[in-house]
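Here is run.cif, consisting of mmCIF, C-alpha atoms:
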data_run
#
loop_
_atom_site.label_atom_id
_atom_site.label_comp_id
_atom_site.auth_asym_id
_atom_site.auth_seq_id
_atom_site.Cartn_x
_atom_site.Cartn_y
_atom_site.Cartn_z
CA MET A 1 -17.14 -19.93 24.66
CA LYS A 2 -17.36 -22.81 27.09
CA GLN A 3 -18.20 -21.99 30.66
CA SER A 4 -16.39 -22.99 33.83
CA GLY A 5 -18.01 -23.34 37.19
CA SER A 6 -21.50 -22.16 38.18
CA SER A 7 -22.93 -19.16 36.38
CA PRO A 8 -25.85 -16.88 37.23
CA GLY A 9 -26.74 -16.72 33.53
CA PRO A 10 -25.34 -16.89 29.99
CA LEU A 11 -22.11 -15.03 29.35
CA PRO A 12 -22.52 -11.51 28.03
CA PRO A 13 -21.58 -10.91 24.38
CA LEU A 14 -17.86 -10.69 23.75
CA ALA A 15 -18.28 -7.15 22.41
CA LEU A 16 -19.75 -6.11 25.77
CA LEU A 17 -16.76 -7.59 27.60
CA ALA A 18 -14.47 -5.69 25.22
CA LEU A 19 -16.36 -2.51 26.09
CA ALA A 20 -15.85 -3.25 29.79
CA VAL A 21 -12.10 -3.57 29.15
CA GLY A 22 -12.13 -0.28 27.27
CA VAL A 23 -13.84 1.80 29.95
CA SER A 24 -11.56 0.22 32.58
CA VAL A 25 -8.17 0.60 30.94
CA ALA A 26 -8.51 4.34 30.30
CA ASN A 27 -8.97 5.38 33.93
CA PRO A 28 -5.32 5.76 35.04
CA PHE A 29 -4.47 7.80 31.92
CA TYR A 30 -7.31 10.32 31.46
CA SER A 31 -5.59 13.42 32.82
CA GLN A 32 -2.06 12.84 31.58
CA SER A 33 -1.11 16.51 31.95
CA LEU A 34 -1.61 16.41 35.73
CA LEU A 35 0.85 15.19 38.35
CA PRO A 36 -1.50 12.81 40.22
CA PRO A 37 -1.75 10.28 37.36
CA ILE A 38 1.91 9.47 38.11
CA ALA A 39 0.55 8.06 41.36
CA ALA A 40 -2.00 6.08 39.34
CA GLU A 41 0.78 4.55 37.25
CA LEU A 42 2.73 3.65 40.40
CA GLY A 43 -0.40 2.03 41.79
CA LEU A 44 -0.86 0.09 38.55
CA ALA A 45 2.73 -1.22 38.67
CA ALA A 46 2.24 -2.39 42.26
CA SER A 47 -1.09 -3.94 41.33
CA LEU A 48 0.37 -5.96 38.45
CA LEU A 49 3.06 -7.47 40.68
CA LEU A 50 1.25 -7.85 44.00
CA LEU A 51 -2.45 -8.34 43.19
CA LEU A 52 -2.81 -9.72 39.65
CA PRO A 53 -1.26 -13.15 40.54
CA LEU A 54 -4.20 -13.64 42.93
CA GLY A 55 -6.20 -14.58 39.85
CA ASP A 56 -4.57 -18.03 40.14
CA ARG A 57 -5.53 -18.32 43.82
CA LEU A 58 -9.02 -16.80 44.21
CA ASP A 59 -12.27 -16.86 42.29
CA ARG A 60 -11.57 -14.65 39.28
CA ARG A 61 -15.15 -13.47 39.05
CA ARG A 62 -14.99 -12.04 42.57
CA LEU A 63 -11.68 -10.37 41.77
CA LEU A 64 -13.15 -8.80 38.64
CA VAL A 65 -16.20 -7.53 40.53
CA GLY A 66 -14.02 -6.20 43.35
CA ALA A 67 -11.60 -4.49 40.93
CA ALA A 68 -14.42 -2.80 39.00
CA ALA A 69 -16.14 -1.66 42.20
CA GLY A 70 -12.81 -0.43 43.60
CA MET A 71 -12.19 1.65 40.48
CA ALA A 72 -15.67 3.16 40.79
CA LEU A 73 -14.95 4.16 44.40
CA ALA A 74 -11.51 5.54 43.50
CA CYS A 75 -13.01 7.63 40.68
CA LEU A 76 -15.61 8.97 43.11
CA ALA A 77 -12.86 9.82 45.60
CA ILE A 78 -11.05 11.78 42.86
CA VAL A 79 -14.21 13.73 42.12
CA LEU A 80 -14.80 14.58 45.79
CA ALA A 81 -11.19 15.13 46.93
CA PRO A 82 -10.93 18.72 48.23
CA GLY A 83 -7.17 19.06 47.78
CA PHE A 84 -3.93 17.53 46.53
CA SER A 85 -3.21 15.67 49.77
CA LEU A 86 -6.29 13.48 49.23
CA LEU A 87 -6.14 13.51 45.44
CA LEU A 88 -2.79 11.75 45.35
CA PRO A 89 -3.86 8.65 47.34
CA ALA A 90 -7.11 8.54 45.35
CA PHE A 91 -5.14 8.29 42.11
CA PHE A 92 -2.87 5.64 43.64
CA ALA A 93 -5.95 3.62 44.65
CA LEU A 94 -7.29 3.96 41.11
CA GLY A 95 -4.12 2.44 39.70
CA LEU A 96 -4.10 -0.26 42.35
CA CYS A 97 -7.63 -1.36 41.40
CA ALA A 98 -7.07 -1.14 37.63
CA LEU A 99 -6.95 -4.92 37.16
CA VAL A 100 -9.93 -5.51 34.88
CA PRO A 101 -8.00 -5.26 31.56
CA TYR A 102 -5.43 -7.74 32.89
CA LEU A 103 -7.73 -10.20 34.67
CA LEU A 104 -10.33 -10.52 31.92
CA PRO A 105 -8.06 -11.96 29.17
CA PRO A 106 -6.97 -15.03 31.20
CA PHE A 107 -10.56 -15.37 32.45
CA VAL A 108 -11.90 -15.51 28.89
CA ALA A 109 -8.98 -17.64 27.65
CA GLU A 110 -10.03 -20.28 30.20
CA LEU A 111 -13.48 -20.44 28.57
CA THR A 112 -12.33 -20.44 24.94
CA PRO A 113 -11.15 -23.37 22.80
CA GLU A 114 -7.56 -22.89 21.64
CA SER A 115 -8.68 -22.88 18.01
CA ARG A 116 -10.52 -19.56 18.65
CA ARG A 117 -8.37 -18.07 21.39
CA GLY A 118 -6.50 -15.60 19.18
CA GLN A 119 -9.72 -14.21 17.73
CA VAL A 120 -11.32 -13.81 21.16
CA LEU A 121 -8.23 -12.18 22.70
CA GLY A 122 -8.01 -9.89 19.69
CA THR A 123 -11.57 -8.74 20.31
CA LEU A 124 -10.81 -7.96 23.95
CA LEU A 125 -7.65 -6.15 22.92
CA SER A 126 -9.63 -4.01 20.49
CA GLY A 127 -11.63 -2.83 23.52
CA GLN A 128 -8.38 -2.05 25.33
CA PHE A 129 -7.09 -0.05 22.36
CA SER A 130 -10.39 1.83 22.23
CA GLY A 131 -10.11 2.77 25.90
CA LEU A 132 -6.56 4.05 25.46
CA LEU A 133 -7.67 6.00 22.40
CA LEU A 134 -10.45 7.55 24.50
CA ALA A 135 -7.95 8.54 27.18
CA ARG A 136 -5.54 9.92 24.61
CA SER A 137 -7.93 11.79 22.32
CA PHE A 138 -11.29 12.66 23.85
CA SER A 139 -10.95 13.15 27.58
CA GLY A 140 -9.39 16.59 27.10
CA VAL A 141 -12.46 17.78 25.23
CA LEU A 142 -14.79 16.82 28.08
CA ALA A 143 -12.38 18.32 30.62
CA GLU A 144 -12.35 21.61 28.71
CA LEU A 145 -16.13 21.73 28.52
CA ALA A 146 -17.04 20.66 32.05
CA GLY A 147 -13.87 20.43 34.13
CA TRP A 148 -11.34 17.63 34.44
CA ARG A 149 -13.14 15.91 37.33
CA THR A 150 -16.18 15.32 35.12
CA ILE A 151 -14.48 12.47 33.27
CA TYR A 152 -13.96 10.65 36.58
CA ALA A 153 -17.59 11.21 37.59
CA VAL A 154 -18.69 9.59 34.33
CA SER A 155 -16.15 6.81 34.81
CA ALA A 156 -17.39 6.09 38.34
CA VAL A 157 -20.88 5.40 36.94
CA LEU A 158 -19.48 3.27 34.11
CA MET A 159 -17.29 1.20 36.41
CA LEU A 160 -20.21 0.58 38.75
CA ALA A 161 -22.16 -0.70 35.74
CA VAL A 162 -19.21 -2.95 34.81
CA ALA A 163 -19.12 -4.36 38.36
CA MET A 164 -22.85 -5.14 38.18
CA LEU A 165 -22.41 -6.76 34.75
CA PHE A 166 -19.61 -9.00 36.03
CA ARG A 167 -21.56 -9.97 39.15
CA SER A 168 -24.73 -10.88 37.27
CA ARG A 169 -23.35 -12.46 34.10
CA LEU A 170 -19.92 -13.99 34.63
CA PRO A 171 -19.44 -17.57 35.88
CA HIS A 172 -17.35 -18.40 38.92
CA GLN A 173 -13.85 -19.47 37.98
CA ARG A 174 -11.89 -21.06 40.81
CA PRO A 175 -8.34 -22.42 40.38
CA PRO A 176 -8.10 -26.21 40.74
CA ARG A 177 -5.09 -26.09 43.12
CA PRO A 178 -4.89 -22.68 44.80
CA LEU A 179 -1.52 -21.72 46.28
CA GLY A 180 -0.78 -19.63 49.34
CA TYR A 181 0.15 -16.03 48.62
CA LEU A 182 3.88 -16.42 49.29
CA ALA A 183 4.01 -19.61 47.22
CA LEU A 184 2.15 -17.76 44.49
CA GLN A 185 4.77 -15.02 44.44
CA ARG A 186 7.65 -17.53 44.48
CA SER A 187 6.07 -19.39 41.58
CA LEU A 188 6.39 -16.28 39.40
CA LEU A 189 10.15 -16.81 39.20
CA GLN A 190 9.68 -20.54 38.68
CA LEU A 191 7.40 -19.88 35.71
CA TRP A 192 9.86 -17.38 34.26
CA PHE A 193 12.67 -19.93 34.22
CA ARG A 194 10.46 -22.86 33.22
CA TYR A 195 9.13 -21.48 29.94
CA PRO A 196 11.53 -20.05 27.32
CA ALA A 197 8.51 -18.98 25.26
CA LEU A 198 7.37 -16.78 28.17
CA ARG A 199 10.75 -15.05 28.42
CA GLN A 200 10.91 -14.52 24.68
CA ALA A 201 7.39 -13.11 24.48
CA CYS A 202 7.95 -10.77 27.43
CA LEU A 203 11.26 -9.43 26.14
CA ARG A 204 9.91 -8.91 22.64
CA GLN A 205 6.80 -7.14 23.85
CA ALA A 206 8.81 -4.94 26.23
CA LEU A 207 11.02 -3.84 23.32
CA LEU A 208 8.04 -3.28 21.03
CA PHE A 209 6.04 -1.33 23.60
CA GLY A 210 9.15 0.67 24.42
CA ALA A 211 9.56 1.66 20.78
CA PHE A 212 5.84 2.37 20.52
CA MET A 213 5.57 4.64 23.56
CA ALA A 214 8.85 6.46 22.90
CA THR A 215 7.68 7.25 19.37
CA TRP A 216 4.29 8.50 20.55
CA SER A 217 6.03 10.76 23.06
CA ALA A 218 8.42 12.01 20.38
CA LEU A 219 5.51 12.66 18.01
CA ALA A 220 3.86 14.98 20.53
CA LEU A 221 7.12 16.93 20.90
CA GLN A 222 7.68 17.01 17.13
CA LEU A 223 4.19 18.28 16.31
CA ALA A 224 4.36 20.98 18.99
CA ALA A 225 7.58 22.38 17.46
CA PRO A 226 8.11 24.28 14.17
CA PRO A 227 7.04 23.94 11.44
CA TRP A 228 3.90 22.26 12.76
CA ARG A 229 3.14 24.14 15.99
CA PHE A 230 0.03 22.02 16.54
CA ALA A 231 -2.24 22.78 19.51
CA PRO A 232 -2.67 20.02 22.14
CA ALA A 233 -6.11 19.10 20.74
CA ALA A 234 -4.70 18.59 17.24
CA ILE A 235 -1.84 16.49 18.63
CA GLY A 236 -4.35 14.40 20.58
CA ALA A 237 -6.34 13.83 17.40
CA PHE A 238 -3.35 11.88 16.06
CA GLY A 239 -4.48 9.15 18.41
CA LEU A 240 -7.20 8.43 15.86
CA VAL A 241 -4.64 6.46 13.85
CA GLY A 242 -5.21 3.85 16.57
CA LEU A 243 -8.52 3.11 14.85
CA VAL A 244 -6.48 0.98 12.45
CA SER A 245 -5.33 -1.41 15.16
CA ILE A 246 -8.76 -1.36 16.83
CA THR A 247 -10.51 -2.57 13.70
CA ALA A 248 -7.69 -5.01 12.85
CA ALA A 249 -7.34 -6.69 16.27
CA ARG A 250 -10.04 -9.31 15.70
CA PRO A 251 -8.86 -10.24 12.16
CA ILE A 252 -5.30 -10.45 13.48
CA GLY A 253 -6.55 -12.85 16.14
CA ARG A 254 -8.03 -15.04 13.41
CA LEU A 255 -4.67 -15.01 11.61
CA VAL A 256 -2.99 -16.09 14.86
CA ASP A 257 -5.41 -19.02 15.14
CA ARG A 258 -4.79 -19.98 11.50
CA HIS A 259 -1.03 -19.47 11.10
CA GLY A 260 0.31 -19.53 14.65
CA PRO A 261 1.53 -16.63 16.78
CA ASP A 262 5.20 -16.73 15.72
CA ARG A 263 4.48 -15.67 12.13
CA ILE A 264 2.25 -12.84 13.29
CA VAL A 265 4.89 -11.59 15.72
CA ARG A 266 7.51 -11.49 12.96
CA ALA A 267 5.08 -9.76 10.62
CA GLY A 268 4.27 -7.23 13.34
CA CYS A 269 7.98 -6.46 13.88
CA LEU A 270 8.54 -5.99 10.14
CA LEU A 271 5.49 -3.74 9.86
CA GLY A 272 6.79 -1.70 12.80
CA LEU A 273 10.13 -1.24 11.02
CA VAL A 274 8.31 -0.09 7.88
CA GLY A 275 6.38 2.42 9.97
CA LEU A 276 9.55 3.78 11.58
CA LEU A 277 11.22 4.09 8.16
CA LEU A 278 8.25 6.15 6.96
CA LEU A 279 8.50 8.33 10.06
CA ALA A 280 12.23 8.88 9.56
CA ILE A 281 12.17 9.78 5.87
CA GLY A 282 8.83 11.59 5.92
CA SER A 283 9.26 13.83 8.95
CA SER A 284 8.11 16.85 6.94
CA SER A 285 5.03 15.13 5.52
CA LEU A 286 1.83 14.88 7.53
CA LEU A 287 0.67 11.92 5.42
CA ALA A 288 3.93 10.05 6.05
CA LEU A 289 3.60 10.67 9.80
CA VAL A 290 0.03 9.32 9.80
CA LEU A 291 0.91 6.23 7.74
CA GLY A 292 4.07 5.58 9.75
CA MET A 293 2.29 5.78 13.11
CA ALA A 294 -0.52 3.56 11.78
CA CYS A 295 2.00 0.89 10.66
CA LEU A 296 3.86 1.03 13.98
CA ASP A 297 0.61 0.88 15.96
CA LEU A 298 -0.73 -2.05 13.95
CA GLY A 299 2.54 -3.99 14.12
CA VAL A 300 3.03 -3.59 17.88
CA GLN A 301 -0.57 -4.31 18.80
CA GLY A 302 -0.76 -7.27 16.43
CA ALA A 303 2.30 -8.76 18.13
CA PHE A 304 0.58 -8.23 21.49
CA VAL A 305 -2.41 -10.33 20.37
CA ALA A 306 -0.03 -13.09 19.28
CA HIS A 307 2.03 -12.91 22.48
CA GLN A 308 -1.06 -13.20 24.67
CA THR A 309 -2.16 -16.25 22.69
CA THR A 310 1.26 -17.85 23.20
CA VAL A 311 1.55 -17.08 26.90
CA PHE A 312 -1.97 -18.16 27.86
CA SER A 313 -1.38 -21.50 26.12
CA LEU A 314 1.65 -22.44 28.21
CA ASP A 315 -0.01 -23.52 31.47
CA ALA A 316 -3.76 -23.58 32.05
CA GLU A 317 -3.32 -23.44 35.84
CA ALA A 318 -1.05 -20.38 35.80
CA ARG A 319 -2.61 -18.13 33.17
CA THR A 320 -2.94 -15.08 35.39
CA ARG A 321 0.64 -15.35 36.63
CA LEU A 322 1.89 -15.80 33.07
CA GLY A 323 -0.13 -12.75 32.09
CA THR A 324 1.42 -10.88 35.02
CA TRP A 325 4.84 -11.27 33.42
CA LEU A 326 3.66 -10.24 29.96
CA PHE A 327 1.72 -7.18 31.12
CA PHE A 328 4.33 -6.01 33.62
CA THR A 329 7.30 -6.31 31.27
CA ALA A 330 5.36 -4.50 28.51
CA TYR A 331 4.49 -1.74 30.98
CA LEU A 332 8.10 -1.57 32.20
CA GLY A 333 9.47 -1.36 28.67
CA ALA A 334 7.08 1.44 27.81
CA ALA A 335 7.92 3.40 30.97
CA LEU A 336 11.70 3.03 30.64
CA CYS A 337 11.84 3.96 26.96
CA SER A 338 9.50 6.93 27.40
CA GLY A 339 11.76 8.13 30.21
CA LEU A 340 14.86 7.73 28.03
CA LEU A 341 13.21 9.69 25.24
CA ALA A 342 12.26 12.51 27.61
CA HIS A 343 15.84 12.67 28.91
CA TYR A 344 17.62 12.54 25.55
CA TRP A 345 15.13 14.35 23.29
CA ALA A 346 17.25 17.50 23.24
CA SER A 347 20.12 15.48 21.75
CA TRP A 348 18.20 12.91 19.71
CA HIS A 349 15.38 14.95 18.19
CA TRP A 350 13.03 13.22 15.76
CA HIS A 351 15.49 11.21 13.66
CA GLY A 352 17.45 10.08 16.69
CA ASN A 353 14.27 8.74 18.27
CA ALA A 354 13.34 6.95 15.04
CA LEU A 355 16.75 5.24 15.04
CA PHE A 356 16.39 4.35 18.74
CA ALA A 357 12.90 2.90 18.22
CA ALA A 358 13.99 0.99 15.10
CA SER A 359 16.86 -0.59 17.02
CA LEU A 360 14.40 -1.80 19.68
CA VAL A 361 12.09 -3.33 17.06
CA LEU A 362 15.05 -4.95 15.31
CA LEU A 363 16.19 -6.49 18.60
CA ALA A 364 12.66 -7.84 19.13
CA LEU A 365 12.74 -9.34 15.64
CA LEU A 366 16.06 -11.07 16.36
CA ILE A 367 14.85 -12.78 19.55
CA PRO A 368 14.31 -16.46 18.64
CA THR A 369 10.97 -18.17 18.99
CA SER A 370 10.30 -21.54 20.61
CA GLY A 371 7.46 -22.43 18.29
CA ARG A 372 3.79 -22.66 19.09
CA PRO A 373 3.04 -24.59 22.27
CA ALA A 374 1.63 -28.06 21.75
CA ARG A 375 -2.12 -28.35 22.01
#
In structure tokens, what does this structure look like?
Amino acid sequence: MKQSGSSPGPLPPLALLALAVGVSVANPFYSQSLLPPIAAELGLAASLLLLLPLGDRLDRRRLLVGAAAGMALACLAIVLAPGFSLLLPAFFALGLCALVPYLLPPFVAELTPESRRGQVLGTLLSGQFSGLLLARSFSGVLAELAGWRTIYAVSAVLMLAVAMLFRSRLPHQRPPRPLGYLALQRSLLQLWFRYPALRQACLRQALLFGAFMATWSALALQLAAPPWRFAPAAIGAFGLVGLVSITAARPIGRLVDRHGPDRIVRAGCLLGLVGLLLLAIGSSSLLALVLGMACLDLGVQGAFVAHQTTVFSLDAEARTRLGTWLFFTAYLGAALCSGLLAHYWASWHWHGNALFAASLVLLALLIPTSGRPAR
């Protein structure tokens, strides 16, 4: 990767940056059975809209260091909070500082030739998938053994190490023409209307993430009911199917570089539909559920690699703001569709959710593409 600006030393290995993304992204979602993480998700939504665009105004290295250090302090506050009244703002602060997984991709995209950008973004995304898998599958085990605050004590140490890594090894990366904050916020709408490819990528990814998260929520409800009656730990172990997308993210990135993102997005949508068909017709088969979730996971995450590659290629001076749209709309789609599933599960049940998710993926497939941006 090429470097930009002054650097205190050579860039750390890409795998180490992917690990930093992984330990960062899991923090707002460790204790999903508790009420306070709702505050963390609200903080994350506010952060994506209000703070992430600052990556196109300020030195991104300083923002990354500050975000990692802020997450370490928020995790420490969660560990030390004596009661709910202090725990709630600590979780909100954790979500507000959770910018590392969203700042690092445009940072690295700036340093990477376009011919390798998909592969590099795929590697970072594999770290993000790993962190979500950790939050989904393993945090409950540690909480059961040593208490739920233990995971945040460990995370505070890890995030402090990430902050030190960023400070010592990342180059400065200052925008060439920084805007004032209000102009920065106004420019978000200007970018949305300027680039059809941005709108298409955001809408597709919102639909795909919506189908993905609704199906994961439905799976937990399905496995807890007869005839399965799985315990929470066994349901959490289903998150291990995410290993497929983790190992495939880097090869998918290479395919994006070779064939262009549009083909990979269409292939991801088709693979997602195959996965949902397996889930619908094989609801009584554990093997069909595993294969179906693996196909859906791989298709949705593969499309995310391709969409990041597309969006970060549109405007080199607005990469963080472009990423703001992609990340926020994906998050919004996931939240809305999970909420719909929770509200209508009693009427929809498993097959109704599969039909709902398949309709979302089909809509994403039907959204036209503008072609790969010119180099």
Counting all atoms listed in the file, what is within 7 Å of range 57-65 of chain A, bar same-chain residues fewer than 2 positions away, as a list in words?
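Listing them by chain and then by number gives Leu54, Gly55, Ala67, Ala68, Ala69, Val100, Leu103, Phe107, Ala163, Phe166, Arg167, Leu170, Pro171, His172, Gln173, Arg174, Pro175, Pro178 and Leu179 of chain A.
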With range 327-350 of chain A as the partner and 12 Å as the cut-off, tabulate the residues of range 91-123 of chain A that qualify, each row holding the nearest pair of atoms and their distance in Å to one decimal, using only C-alpha atoms, sorted by chain and rising number, as CSV.
residue,atom,partner,partner_atom,distance
A:Leu99,CA,A:Phe327,CA,10.8
A:Pro101,CA,A:Phe327,CA,9.9
A:Tyr102,CA,A:Phe327,CA,7.4
A:Leu103,CA,A:Phe327,CA,10.5
A:Pro105,CA,A:Phe327,CA,11.1
A:Pro106,CA,A:Phe327,CA,11.7
Go through A:Gly95, A:Pro53, A:Pro261, A:Gly236 and flag the residue nearest Ala306 in chain A, using only C-alpha atoms for the distances.
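Result for the nearest residue to Ala306 in chain A: A:Pro261.
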On this structure, which residues satisfy the PyMOL selection byres ((chain A and resi 109) around 10), written as a list in words?
Met1, Lys2, Leu104, Pro105, Pro106, Phe107, Val108, Glu110, Leu111, Thr112, Pro113, Glu114, Arg116, Arg117, Gly118, Val120, Leu121, Gln308, Thr309, Phe312, Ser313, Ala316 and Arg319 of chain A
Write the residues of the preceding selection, restricted to C-alpha atoms, as a compact mmCIF listing (two decimals), keeping the file's coordinate frame.
# COMPACT_ATOMS: atom_id res chain seq x y z
CA MET A 1 -17.14 -19.93 24.66
CA LYS A 2 -17.36 -22.81 27.09
CA LEU A 104 -10.33 -10.52 31.92
CA PRO A 105 -8.06 -11.96 29.17
CA PRO A 106 -6.97 -15.03 31.20
CA PHE A 107 -10.56 -15.37 32.45
CA VAL A 108 -11.90 -15.51 28.89
CA GLU A 110 -10.03 -20.28 30.20
CA LEU A 111 -13.48 -20.44 28.57
CA THR A 112 -12.33 -20.44 24.94
CA PRO A 113 -11.15 -23.37 22.80
CA GLU A 114 -7.56 -22.89 21.64
CA ARG A 116 -10.52 -19.56 18.65
CA ARG A 117 -8.37 -18.07 21.39
CA GLY A 118 -6.50 -15.60 19.18
CA VAL A 120 -11.32 -13.81 21.16
CA LEU A 121 -8.23 -12.18 22.70
CA GLN A 308 -1.06 -13.20 24.67
CA THR A 309 -2.16 -16.25 22.69
CA PHE A 312 -1.97 -18.16 27.86
CA SER A 313 -1.38 -21.50 26.12
CA ALA A 316 -3.76 -23.58 32.05
CA ARG A 319 -2.61 -18.13 33.17
Which of A:Val241, A:Leu322, A:Ala234, A:Cys269 sits closest to Leu287 in chain A [using all atoms listed in the file]:
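When distances to Leu287 in chain A are compared using all atoms listed in the file, the smallest one comes from A:Val241.
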Which of A:Ala18, A:Val300, A:Ala39, A:Val274 sits closest to Ala211 in chain A [using all atoms listed in the file]
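Going through A:Ala18, A:Val300, A:Ala39, A:Val274 one by one, the smallest distance to Ala211 in chain A is for A:Val300.
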Expand the PyMOL selection byres ((chain A and resi 93) around 10) into the individual residues it matches in the shown file, reporting them as an MDAnalysis selection string.
chainID A and resid 28 39:40 42:44 47 70:71 73:75 77:78 87:92 94:98
Selected residue, from A:Asp257, A:Val305, A:Thr320, A:Leu207, that lies nearest to Ser359 in chain A when counting all atoms listed in the file:
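Looking only at the distances to Ser359 in chain A, the closest residue turns out to be A:Leu207.
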Could you name the residues that touch Leu240 in chain A at 9 Å or less, counting only C-alpha atoms, but leaving out those on the same chain fewer than 3 positions away, as a ChimeraX atom specification?
/A:133,137,236-237,243-244
Please write the residues from the selection above to a file, keeping C-alpha atoms, as a compact mmCIF listing (two decimals), in the frame of the given file.
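To be explicit, this is the file written out as again_37.txt:
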# COMPACT_ATOMS: atom_id res chain seq x y z
CA LEU A 133 -7.67 6.00 22.40
CA SER A 137 -7.93 11.79 22.32
CA GLY A 236 -4.35 14.40 20.58
CA ALA A 237 -6.34 13.83 17.40
CA LEU A 243 -8.52 3.11 14.85
CA VAL A 244 -6.48 0.98 12.45
Show me the residues around (-12.8, -9.7, 23.7) - criterion: an atom at most 7 Å away, all atoms listed in the file counted - as number ranges by chain.
A: 14-15, 17-18, 120-125, 127
Have a look at CA of Met213 in chain A and CA of Ala249 in chain A and let me know their distance in Å, one decimal.
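Separating CA of Met213 in chain A from CA of Ala249 in chain A is a distance of 18.7 Å.
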What's the separation between CA of Gly268 in chain A and CA of Ala288 in chain A, in Å to one decimal place?
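Straight-line distance from CA of Gly268 in chain A to CA of Ala288 in chain A works out to 18.8 Å.
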Using all atoms listed in the file, which residue out of A:Leu355, A:Leu221, A:Leu363, A:Ala72 lies closest to Leu279 in chain A?
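Using all atoms listed in the file, the shortest distance to Leu279 in chain A belongs to A:Leu355.
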Between A:Leu51, A:Leu145, A:Val361, A:Leu188, which has the minimum distance to Ala214 in chain A (counting all atoms listed in the file)?
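Once distances to Ala214 in chain A are computed over all atoms listed in the file, the minimum belongs to A:Val361.
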